[in-house]
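The block underneath contains the structure these notes are about, expressed in structure tokens.
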Amino acid sequence: MAFPGELNINYYKGDTYEFNVYPKLAGGSAMDLTDYTVKFYIAETRGSSTNVECYAEIPSISGTEELPNYVKCAITPAAGAQLDSTKTYFYDVEIKKAGTPYPYVYTILTGTVSLTEQVTLPS
């Protein structure tokens, strides 16, 4: 995917919602995520300093010559418990490369999170 991509999430409070992000370079090849770190956060307004941090990692591939090329993300029940189902939230998944003259920070995925408090079964 060219980034930033967009994914709008419908989240059921209390569940774990997982997804993977596969950033691609402009030419379409997989992006080598070696030496990058990742951050996935949700906020009421984009750019807010009050964020809910969610699980995110760049899985390492040991014992192979493959380079890490995707980001694994999840909204966990603990993070979901901090969200209000009457609001729509914004999120960003960012990668950052350390050890450079200035930090390379890329937003690779963005979107909204809508919550359902609970699932009710019909009677």
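Here, A, B, ... name the chains of the structure tokens in the order displayed, residue numbers run from 1 inside each chain, and ligands are numbered from 1 in the same displayed order.
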
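Every protein, DNA or RNA residue with an atom at most 7 Å from Tyr12 in chain A, where only C-alpha atoms count and chain neighbours fewer than 5 positions away do not, is listed here: Leu115, Thr116, Glu117 and Gln118 of chain A.
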
Could you dump the residues just selected with all heavy atoms as a tab-separated table (two decimals), in the first residue's frame?
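Saved file selection_1.tsv follows:
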```
chain	number	residue	atom	x	y	z
A	115	LEU	N	-17.01	3.05	18.16
A	115	LEU	CA	-17.18	2.01	19.17
A	115	LEU	C	-18.62	1.57	19.30
A	115	LEU	O	-19.54	2.38	19.20
A	115	LEU	CB	-16.77	2.54	20.55
A	115	LEU	CG	-15.31	2.44	20.93
A	115	LEU	CD1	-14.49	3.41	20.18
A	115	LEU	CD2	-15.18	2.61	22.41
A	116	THR	N	-18.79	0.29	19.55
A	116	THR	CA	-20.06	-0.26	19.99
A	116	THR	C	-19.82	-0.73	21.42
A	116	THR	O	-18.89	-1.50	21.66
A	116	THR	CB	-20.51	-1.43	19.10
A	116	THR	OG1	-20.67	-0.93	17.76
A	116	THR	CG2	-21.81	-2.03	19.58
A	117	GLU	N	-20.64	-0.26	22.34
A	117	GLU	CA	-20.43	-0.56	23.76
A	117	GLU	C	-20.51	-2.06	24.02
A	117	GLU	O	-19.68	-2.63	24.70
A	117	GLU	CB	-21.46	0.18	24.62
A	117	GLU	CG	-21.18	0.13	26.10
A	117	GLU	CD	-19.95	0.91	26.52
A	117	GLU	OE1	-19.66	1.96	25.94
A	117	GLU	OE2	-19.27	0.44	27.45
A	118	GLN	N	-21.54	-2.69	23.50
A	118	GLN	CA	-21.66	-4.13	23.66
A	118	GLN	C	-22.57	-4.66	22.56
A	118	GLN	O	-23.34	-3.92	21.97
A	118	GLN	CB	-22.20	-4.50	25.03
A	118	GLN	CG	-23.61	-3.96	25.30
A	118	GLN	CD	-24.07	-4.27	26.70
A	118	GLN	OE1	-23.30	-4.65	27.56
A	118	GLN	NE2	-25.34	-4.09	26.96
```

### Close residues, range 91-107 of chain A itself excluded, 10 Å, only C-alpha atoms, min 4 positions apart in chain, as number ranges by chain
A: 3-9, 21, 33-47, 51-54, 56-58, 71, 73, 111-113

### Task
Could you please write out, as a VMD selection string, every residue of chain A that DSSP assigns to strand (DSSP E)?
chain A and resid 5 to 6 9 to 12 17 to 21 36 to 43 51 to 57 71 to 75 88 to 97 104 to 116

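CA of Pro23 in chain A to CA of Thr110 in chain A spans 12.6 Å [interatomic distance, one decimal].
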
### Task
Pick out the closest residue to Glu66 in chain A from this set: A:Ile108, A:Leu25, A:Asp32, A:Tyr11. Count only C-alpha atoms.
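Of A:Ile108, A:Leu25, A:Asp32, A:Tyr11, the one nearest Glu66 in chain A is A:Asp32, counting only C-alpha atoms.
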
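Across the structure, CA of Ala74 in chain A and CA of Phe19 in chain A are spaced 6.4 Å apart.
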
### Distance query Ala30 in chain A at most 9 Å, only C-alpha atoms, self and fewer than 5 positions along chain excluded, as an MDAnalysis selection string
chainID A and resid 1 22:25 69:70

Restricting it to N, CA, C and O atoms, dump the selection as a PDB file, in the first residue's frame.
```pdb
ATOM      1  N   MET A   1       0.834  -1.178   0.000  1.00  0.00           N
ATOM      2  CA  MET A   1       0.000   0.000   0.000  1.00  0.00           C
ATOM      3  C   MET A   1       0.871   1.231   0.000  1.00  0.00           C
ATOM      4  O   MET A   1       1.912   1.249   0.639  1.00  0.00           O
ATOM      5  N   TYR A  22       1.285  -3.254   5.700  1.00  0.00           N
ATOM      6  CA  TYR A  22       2.412  -3.598   4.839  1.00  0.00           C
ATOM      7  C   TYR A  22       2.795  -2.381   3.995  1.00  0.00           C
ATOM      8  O   TYR A  22       2.313  -2.235   2.870  1.00  0.00           O
ATOM      9  N   PRO A  23       3.625  -1.473   4.532  1.00  0.00           N
ATOM     10  CA  PRO A  23       3.980  -0.284   3.741  1.00  0.00           C
ATOM     11  C   PRO A  23       4.843  -0.640   2.535  1.00  0.00           C
ATOM     12  O   PRO A  23       5.701  -1.514   2.607  1.00  0.00           O
ATOM     13  N   LYS A  24       4.582   0.038   1.426  1.00  0.00           N
ATOM     14  CA  LYS A  24       5.326  -0.177   0.187  1.00  0.00           C
ATOM     15  C   LYS A  24       6.038   1.110  -0.204  1.00  0.00           C
ATOM     16  O   LYS A  24       5.560   2.210   0.070  1.00  0.00           O
ATOM     17  N   LEU A  25       7.155   0.961  -0.887  1.00  0.00           N
ATOM     18  CA  LEU A  25       7.856   2.112  -1.447  1.00  0.00           C
ATOM     19  C   LEU A  25       7.115   2.595  -2.695  1.00  0.00           C
ATOM     20  O   LEU A  25       6.241   1.894  -3.215  1.00  0.00           O
ATOM     21  N   ASN A  69       8.997  -6.360   7.140  1.00  0.00           N
ATOM     22  CA  ASN A  69       8.333  -5.497   6.167  1.00  0.00           C
ATOM     23  C   ASN A  69       6.871  -5.226   6.492  1.00  0.00           C
ATOM     24  O   ASN A  69       6.126  -4.797   5.634  1.00  0.00           O
ATOM     25  N   TYR A  70       6.447  -5.509   7.752  1.00  0.00           N
ATOM     26  CA  TYR A  70       5.083  -5.165   8.120  1.00  0.00           C
ATOM     27  C   TYR A  70       5.003  -4.782   9.582  1.00  0.00           C
ATOM     28  O   TYR A  70       5.909  -5.034  10.368  1.00  0.00           O
TER      29      TYR A  70
END
```

### Query
Mind pulling up the distance from CA of Ser60 in chain A to CA of Gly28 in chain A?
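According to the coordinates, CA of Gly28 in chain A and CA of Ser60 in chain A are separated by 21.6 Å.
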
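Nearest residue to Asn10 in chain A among A:Thr50, A:Leu83, A:Ser114, A:Tyr89 is A:Ser114, counting only C-alpha atoms.
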